[in-house]
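The structure appears right after this line, and notes come after that.
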Amino acid sequence: MADVYDFIVIGGGPAGMTAAGRAGERGKSVILLEKNAHPGKKLLLCASGRCNVTNTASFAAFFDAYEKAGPFMRPSLGIFSPEKLRSFLYSYGVETIEESKGRVYPKSQKAESVLDALLSYLRIHRITIKKNSRIVCVKEKNKQVIGVETEDGFIAGRNVLIATGGLSYPSTGSTGDGYTLASSLGHTICKTYPAIIAFETEEAWVKQAQGTPIKNAQITACRQGRKIAQHFGEALFTHYGISGPAILSISKRIMENHGNGAVRISIDFKPDMSPGELTTQLVKKINTNGGKAIKTCLTYFVPEKLSPLLLNICGIDEKKKASQITTKERKKILDQLKGLSLTLSSHRPVEEAIITGGGIDLDEVESRTMESKLIKGLYLAGEVLDVDGPTGGFNLQAAFSTGYLAGNSVL
């Protein structure tokens with residue numbers, strides 16, 4: 001082990017491993033400190049183990065996805081773009097494929113292949129990895145990093161990277177350590193919150209629909225009658241409320257408005273049909289199936305499990321014959337098909353969040369290097385920063401890009 005490392009990396013996630021590998025590739029002496037028994041624990045959970053590494057969206061779309069953090073992300077995306085990430089993975093034997101909405105996955109459909117590539121990167125460039133290593137504090141002298149104090153003793157280093165992740169999935173080691181370390185060195189921590197999260201609902205009946213997916217629906221979120229977000233896609237009823245890609249995609253907007261009055265979501269099961277067109281289709285099904293229970297007609301428009309639940313909301317007996325449905329009752333059914341309403345009572349625990357919003361204030365970090373503006377030799381990358389994007393590979397790309405830039409910048 002070196003007497004004084006050029007670079008001490010705290011955190012063995014995608015940002016930390018990429019930073020360590022890039023610095024080692026440049027000839028720097030590097031040690032990576034990981035609190036778990038193995039690096040990449042959280043990476044293995046990404047996209048249910050399939051690992052959505054990035055997206056094929058344009059640069060402009062990436063900057064828009066990061067919203068206020070877009071300008072900050074420009075230098076890191078410029079030096080390690082989605083294309084360069086895919087090329088890097090390919091050079092380590094990981095072919096990637098594009099799926100719906102530009103999402104990019106390893107062809108193997110296994111996160112292990114991405115982790116293996118990163119570990120090979122570290123091995124080839126002789127990165128020292130110290131596992132089960134817990135950090136006490138980052139040491140500085142005269143606003144210059146001098147090393148890291150661990151539970152096992154002091155490690156001297158000219159530069160230190162904090163890449164410990166956020167608060168989501170604490171079982172993987174993301175327990176907010178980086179916020180504490182950065183804060184102790186004078187950094188401001190913007191309020192953290194679950195940025196991609198599912199929601200509990202006031203309506204208890206959703207429990208009966210647990211596990212029922214809704215496909216090709218338009219989900220609209222409103223507060224006090226004002227639309228705050230909208231997304232087309234898939235949702236999923238759960239025992240506590242509602243989740244699924246469409247809900248997760250608008251969850252940040254909902255979180256920003258939660259606490260300022262009740263947020264309600266409206267589900268349009270047939271967004272491709274106007275109310276008039278849907279009425280025509282509904283009447284057609286009722287006429288064709290007049291002798292059958294009305295719940296049978298509804299299965300043409302919603303999943304079978306939902307049919308009796310929607311009728312119950314309408315106050316209609318599910319066994320009532322289709323031919324006996326009145327114009328008023330048909331209007332009630334139509335209203336539910338075009339706008340089933342749910343009231344969101346609370347978000348799920350932050351521990352279940354896919355990504356944490358908030359984090360280290362970007363005004364205190366140099367975007368061209370990822371170095372702290374407060375402490376020389378201190379670098380910050382990944383989810384610990386106040387950067388987050390929607391689902392679809394944007395957050396992993398941010399981790400890879402900021403990590404690579406940090407490793408490319410250390411002197």
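Here, A, B, ... name the chains of the structure tokens in the order displayed, residue numbers run from 1 inside each chain, and ligands are numbered from 1 in the same displayed order.
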
- Task: Find the residues near Arg26 in chain A: any atom within 8 Å, counting only C-alpha atoms, skip ones fewer than 3 places away on the same chain, and give them as a list in words.
- Result: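 The filter keeps Arg22, Ala23 and Asn408 of chain A.
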
- Item | Long-range neighbours of Asp386 in chain A as a ChimeraX atom specification, 6 Å cut-off, only C-alpha atoms, 3 positions minimum in chain | /A:358-361

Put those residues in a file: N, CA and C atoms, as a PDB file, in the first residue's frame.
ATOM      1  N   GLY A 358     -32.242  15.967  -3.733  1.00  0.00           N
ATOM      2  CA  GLY A 358     -31.484  16.775  -2.782  1.00  0.00           C
ATOM      3  C   GLY A 358     -30.051  16.273  -2.681  1.00  0.00           C
ATOM      4  N   GLY A 359     -29.312  16.814  -1.731  1.00  0.00           N
ATOM      5  CA  GLY A 359     -27.920  16.399  -1.576  1.00  0.00           C
ATOM      6  C   GLY A 359     -26.983  17.592  -1.538  1.00  0.00           C
ATOM      7  N   ILE A 360     -25.722  17.357  -1.820  1.00  0.00           N
ATOM      8  CA  ILE A 360     -24.705  18.412  -1.735  1.00  0.00           C
ATOM      9  C   ILE A 360     -25.003  19.526  -2.735  1.00  0.00           C
ATOM     10  N   ASP A 361     -25.030  20.738  -2.249  1.00  0.00           N
ATOM     11  CA  ASP A 361     -25.351  21.919  -3.056  1.00  0.00           C
ATOM     12  C   ASP A 361     -24.369  22.053  -4.227  1.00  0.00           C
TER      13      ASP A 361
END

- Task: Determine which residues of range 63-301 of chain A receive a DSSP assignment of alpha helix (DSSP H), computed from the backbone, and state them as a ChimeraX atom specification.
- Result: /A:63-65,70-79,82-91,111-124,177-184,245-257,275-288,294-298

Please provide the set of residues having any atom within 7 Å of Gly377 in chain A, restricted to only C-alpha atoms, with same-chain residues fewer than 3 positions apart removed, written as a PDB file with C-alpha atoms, in the first residue's frame.
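Now in result05.pdb:
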ATOM      1  CA  GLN A 144      -6.646  20.973   1.884  1.00  0.00           C
ATOM      2  CA  VAL A 145      -7.491  17.266   2.099  1.00  0.00           C
ATOM      3  CA  ARG A 158      -3.761  14.015  -1.638  1.00  0.00           C
ATOM      4  CA  ASN A 159      -7.306  13.786  -2.976  1.00  0.00           C
ATOM      5  CA  VAL A 160     -10.527  12.241  -1.660  1.00  0.00           C
ATOM      6  CA  GLU A 371     -13.823  19.267  -7.040  1.00  0.00           C
TER       7      GLU A 371
END

Closest atom pairs, residues of range 336-361 of chain A within 12 Å of range 188-194 of chain A, only C-alpha atoms, as a Markdown table:
| residue | atom | partner | partner_atom | distance |
| --- | --- | --- | --- | --- |
| A:Ser346 | CA | A:Pro194 | CA | 11.6 |
| A:His347 | CA | A:Pro194 | CA | 8.3 |
| A:Arg348 | CA | A:Pro194 | CA | 8.6 |
| A:Pro349 | CA | A:Pro194 | CA | 7.9 |
| A:Val350 | CA | A:Pro194 | CA | 5.2 |
| A:Glu351 | CA | A:Pro194 | CA | 8.2 |
| A:Glu352 | CA | A:Pro194 | CA | 8.2 |
| A:Ala353 | CA | A:Pro194 | CA | 5.3 |
| A:Ile354 | CA | A:Pro194 | CA | 7.6 |
| A:Ile355 | CA | A:Pro194 | CA | 6.4 |
| A:Thr356 | CA | A:Pro194 | CA | 4.8 |
| A:Gly357 | CA | A:Tyr193 | CA | 5.1 |
| A:Gly358 | CA | A:Thr192 | CA | 4.2 |
| A:Gly359 | CA | A:Cys190 | CA | 5.0 |
| A:Ile360 | CA | A:Ile189 | CA | 4.6 |
| A:Asp361 | CA | A:Thr188 | CA | 5.6 |

Generate a file of the selected residues that holds C-alpha atoms, formatted as a PDB file, in the first residue's frame.
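As a result, part22.pdb now contains:
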ATOM      1  CA  SER A 346     -48.315   9.773   1.543  1.00  0.00           C
ATOM      2  CA  HIS A 347     -45.223   8.544  -0.237  1.00  0.00           C
ATOM      3  CA  ARG A 348     -43.606   5.234   0.593  1.00  0.00           C
ATOM      4  CA  PRO A 349     -40.577   5.259   2.937  1.00  0.00           C
ATOM      5  CA  VAL A 350     -37.405   6.866   1.551  1.00  0.00           C
ATOM      6  CA  GLU A 351     -35.733   3.477   1.984  1.00  0.00           C
ATOM      7  CA  GLU A 352     -37.828   2.259  -0.967  1.00  0.00           C
ATOM      8  CA  ALA A 353     -36.922   5.181  -3.227  1.00  0.00           C
ATOM      9  CA  ILE A 354     -35.057   4.385  -6.432  1.00  0.00           C
ATOM     10  CA  ILE A 355     -33.120   7.631  -6.144  1.00  0.00           C
ATOM     11  CA  THR A 356     -32.697  10.369  -3.541  1.00  0.00           C
ATOM     12  CA  GLY A 357     -33.432  13.978  -4.439  1.00  0.00           C
ATOM     13  CA  GLY A 358     -31.484  16.775  -2.782  1.00  0.00           C
ATOM     14  CA  GLY A 359     -27.920  16.399  -1.576  1.00  0.00           C
ATOM     15  CA  ILE A 360     -24.705  18.412  -1.735  1.00  0.00           C
ATOM     16  CA  ASP A 361     -25.351  21.919  -3.056  1.00  0.00           C
TER      17      ASP A 361
END

Near-Cys137 in chain A list (10 Å; only C-alpha atoms; drop same-chain fewer than 3 positions) as a PDB file with N, CA, C and O atoms, in the first residue's frame:
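What follows is the written file out02.pdb:
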ATOM      1  N   ARG A 134     -15.151   1.300   7.152  1.00  0.00           N
ATOM      2  CA  ARG A 134     -16.074   2.349   7.601  1.00  0.00           C
ATOM      3  C   ARG A 134     -15.318   3.642   7.878  1.00  0.00           C
ATOM      4  O   ARG A 134     -14.303   3.646   8.577  1.00  0.00           O
ATOM      5  N   GLU A 140      -8.748  17.263   6.861  1.00  0.00           N
ATOM      6  CA  GLU A 140      -8.209  18.365   6.063  1.00  0.00           C
ATOM      7  C   GLU A 140      -7.333  19.258   6.943  1.00  0.00           C
ATOM      8  O   GLU A 140      -7.478  19.290   8.162  1.00  0.00           O
ATOM      9  N   GLY A 147      -6.292  13.245   3.975  1.00  0.00           N
ATOM     10  CA  GLY A 147      -6.548  11.814   4.078  1.00  0.00           C
ATOM     11  C   GLY A 147      -7.892  11.494   4.698  1.00  0.00           C
ATOM     12  O   GLY A 147      -8.755  12.356   4.827  1.00  0.00           O
ATOM     13  N   VAL A 148      -8.027  10.241   5.097  1.00  0.00           N
ATOM     14  CA  VAL A 148      -9.296   9.749   5.630  1.00  0.00           C
ATOM     15  C   VAL A 148      -9.047   8.955   6.903  1.00  0.00           C
ATOM     16  O   VAL A 148      -8.139   8.123   6.960  1.00  0.00           O
ATOM     17  N   GLU A 149      -9.848   9.232   7.916  1.00  0.00           N
ATOM     18  CA  GLU A 149      -9.787   8.465   9.155  1.00  0.00           C
ATOM     19  C   GLU A 149     -10.844   7.368   9.067  1.00  0.00           C
ATOM     20  O   GLU A 149     -12.032   7.632   8.890  1.00  0.00           O
ATOM     21  N   THR A 150     -10.413   6.101   9.153  1.00  0.00           N
ATOM     22  CA  THR A 150     -11.344   4.977   9.147  1.00  0.00           C
ATOM     23  C   THR A 150     -11.353   4.341  10.536  1.00  0.00           C
ATOM     24  O   THR A 150     -10.534   4.687  11.394  1.00  0.00           O
ATOM     25  N   GLU A 151     -12.253   3.408  10.745  1.00  0.00           N
ATOM     26  CA  GLU A 151     -12.292   2.717  12.034  1.00  0.00           C
ATOM     27  C   GLU A 151     -11.029   1.895  12.255  1.00  0.00           C
ATOM     28  O   GLU A 151     -10.705   1.538  13.392  1.00  0.00           O
ATOM     29  N   PHE A 154      -5.815   5.713  10.072  1.00  0.00           N
ATOM     30  CA  PHE A 154      -5.704   6.835   9.124  1.00  0.00           C
ATOM     31  C   PHE A 154      -5.090   6.376   7.803  1.00  0.00           C
ATOM     32  O   PHE A 154      -4.138   5.586   7.776  1.00  0.00           O
ATOM     33  N   ASP A 177     -24.198   8.600   4.620  1.00  0.00           N
ATOM     34  CA  ASP A 177     -22.874   8.901   5.183  1.00  0.00           C
ATOM     35  C   ASP A 177     -22.209  10.079   4.482  1.00  0.00           C
ATOM     36  O   ASP A 177     -21.533  10.900   5.121  1.00  0.00           O
ATOM     37  N   GLY A 178     -22.384  10.143   3.166  1.00  0.00           N
ATOM     38  CA  GLY A 178     -21.724  11.193   2.397  1.00  0.00           C
ATOM     39  C   GLY A 178     -22.184  12.583   2.778  1.00  0.00           C
ATOM     40  O   GLY A 178     -21.392  13.539   2.770  1.00  0.00           O
ATOM     41  N   THR A 180     -23.133  13.499   5.742  1.00  0.00           N
ATOM     42  CA  THR A 180     -22.482  13.806   7.021  1.00  0.00           C
ATOM     43  C   THR A 180     -21.026  14.205   6.800  1.00  0.00           C
ATOM     44  O   THR A 180     -20.537  15.192   7.381  1.00  0.00           O
ATOM     45  N   LEU A 181     -20.320  13.436   5.962  1.00  0.00           N
ATOM     46  CA  LEU A 181     -18.908  13.737   5.694  1.00  0.00           C
ATOM     47  C   LEU A 181     -18.749  15.111   5.045  1.00  0.00           C
ATOM     48  O   LEU A 181     -17.900  15.908   5.457  1.00  0.00           O
ATOM     49  N   ALA A 182     -19.576  15.385   4.037  1.00  0.00           N
ATOM     50  CA  ALA A 182     -19.475  16.665   3.321  1.00  0.00           C
ATOM     51  C   ALA A 182     -19.872  17.829   4.216  1.00  0.00           C
ATOM     52  O   ALA A 182     -19.243  18.899   4.196  1.00  0.00           O
ATOM     53  N   SER A 184     -19.603  18.039   7.442  1.00  0.00           N
ATOM     54  CA  SER A 184     -18.560  18.284   8.447  1.00  0.00           C
ATOM     55  C   SER A 184     -17.410  19.108   7.871  1.00  0.00           C
ATOM     56  O   SER A 184     -16.638  19.723   8.616  1.00  0.00           O
ATOM     57  N   LEU A 185     -17.314  19.130   6.527  1.00  0.00           N
ATOM     58  CA  LEU A 185     -16.267  19.905   5.860  1.00  0.00           C
ATOM     59  C   LEU A 185     -16.787  21.262   5.369  1.00  0.00           C
ATOM     60  O   LEU A 185     -16.108  21.969   4.644  1.00  0.00           O
TER      61      LEU A 185
END

- Item | Among the residues A:Lys139, A:Arg223, A:Lys373, A:Lys41, the one that comes closest to Met255 in chain A [using only C-alpha atoms] | A:Arg223

- Message: I want to know what sits within 10 Å of Lys68 in chain A, based on only C-alpha atoms, with residues of the same chain fewer than 4 positions away left out; could you give that as a VMD selection string?
- Response: chain A and resid 63 to 64 72 to 73 362 386 to 388

- Message: For a quick check of understanding, using only C-alpha atoms, which of A:Asn312, A:Ser58, A:Thr164, A:Thr326 has the smallest distance to Leu33 in chain A?
- Response: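 Of all the options, A:Thr164 lies closest to Leu33 in chain A.
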
- Message: Applying 6 Å and only C-alpha atoms, which residues near range 100-114 of chain A remain after dropping the ones on its own chain fewer than 4 positions away? List them as a ChimeraX atom specification.
- Response: /A:44,49-56,95-96,392

- Task: Rounded to one decimal place, report the CA of Ile242 in chain A-CA of Thr343 in chain A distance in Å.
- Result: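 Those two atoms sit 10.4 Å apart.
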
Report as a tab-separated table (two decimals) with N, CA, C and O atoms, in the first residue's frame all protein, DNA and RNA residues lying within 10 Å of Asp335 in chain A, evaluated on only C-alpha atoms, omitting residues in the same chain fewer than 5 positions from it.
chain	number	residue	atom	x	y	z
A	268	ASP	N	-56.81	7.73	-16.90
A	268	ASP	CA	-57.60	7.57	-18.13
A	268	ASP	C	-57.19	6.25	-18.75
A	268	ASP	O	-56.08	6.11	-19.26
A	275	PRO	N	-64.25	10.93	-25.21
A	275	PRO	CA	-65.43	10.45	-24.48
A	275	PRO	C	-66.52	9.94	-25.42
A	275	PRO	O	-67.17	8.92	-25.13
A	314	CYS	N	-69.12	3.12	-8.80
A	314	CYS	CA	-70.29	3.72	-9.49
A	314	CYS	C	-71.60	3.41	-8.78
A	314	CYS	O	-72.65	3.98	-9.13
A	329	GLU	N	-76.29	5.42	-15.44
A	329	GLU	CA	-75.26	4.48	-14.96
A	329	GLU	C	-74.13	4.35	-15.98
A	329	GLU	O	-72.95	4.24	-15.61
A	330	ARG	N	-74.48	4.35	-17.25
A	330	ARG	CA	-73.46	4.28	-18.30
A	330	ARG	C	-72.53	5.48	-18.23
A	330	ARG	O	-71.32	5.36	-18.43
A	340	LEU	N	-60.58	7.67	-13.43
A	340	LEU	CA	-60.62	7.08	-12.10
A	340	LEU	C	-59.73	7.92	-11.18
A	340	LEU	O	-58.55	8.14	-11.46
A	341	SER	N	-60.29	8.39	-10.08
A	341	SER	CA	-59.56	9.31	-9.21
A	341	SER	C	-59.07	8.63	-7.94
A	341	SER	O	-59.80	7.85	-7.32

- Item | All strand (DSSP E or B) positions in range 46-224 of chain A, as a ChimeraX atom specification | /A:54-55,96-98,103-106,128-130,135-141,144-150,153-157,160-162,189-194,199-201,213-223

- Message: For a test of reading the model, state the distance in Å between CA of Ala246 in chain A and CA of Ile228 in chain A, rounded to one decimal.
- Response: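 Those two atoms sit 14.0 Å apart.
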
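Residue nearest Tyr5 in chain A within the list A:Phe237, A:Gln224, A:Phe62, A:Ile146: A:Ile146 [criterion: smallest interatomic distance, only C-alpha atoms].
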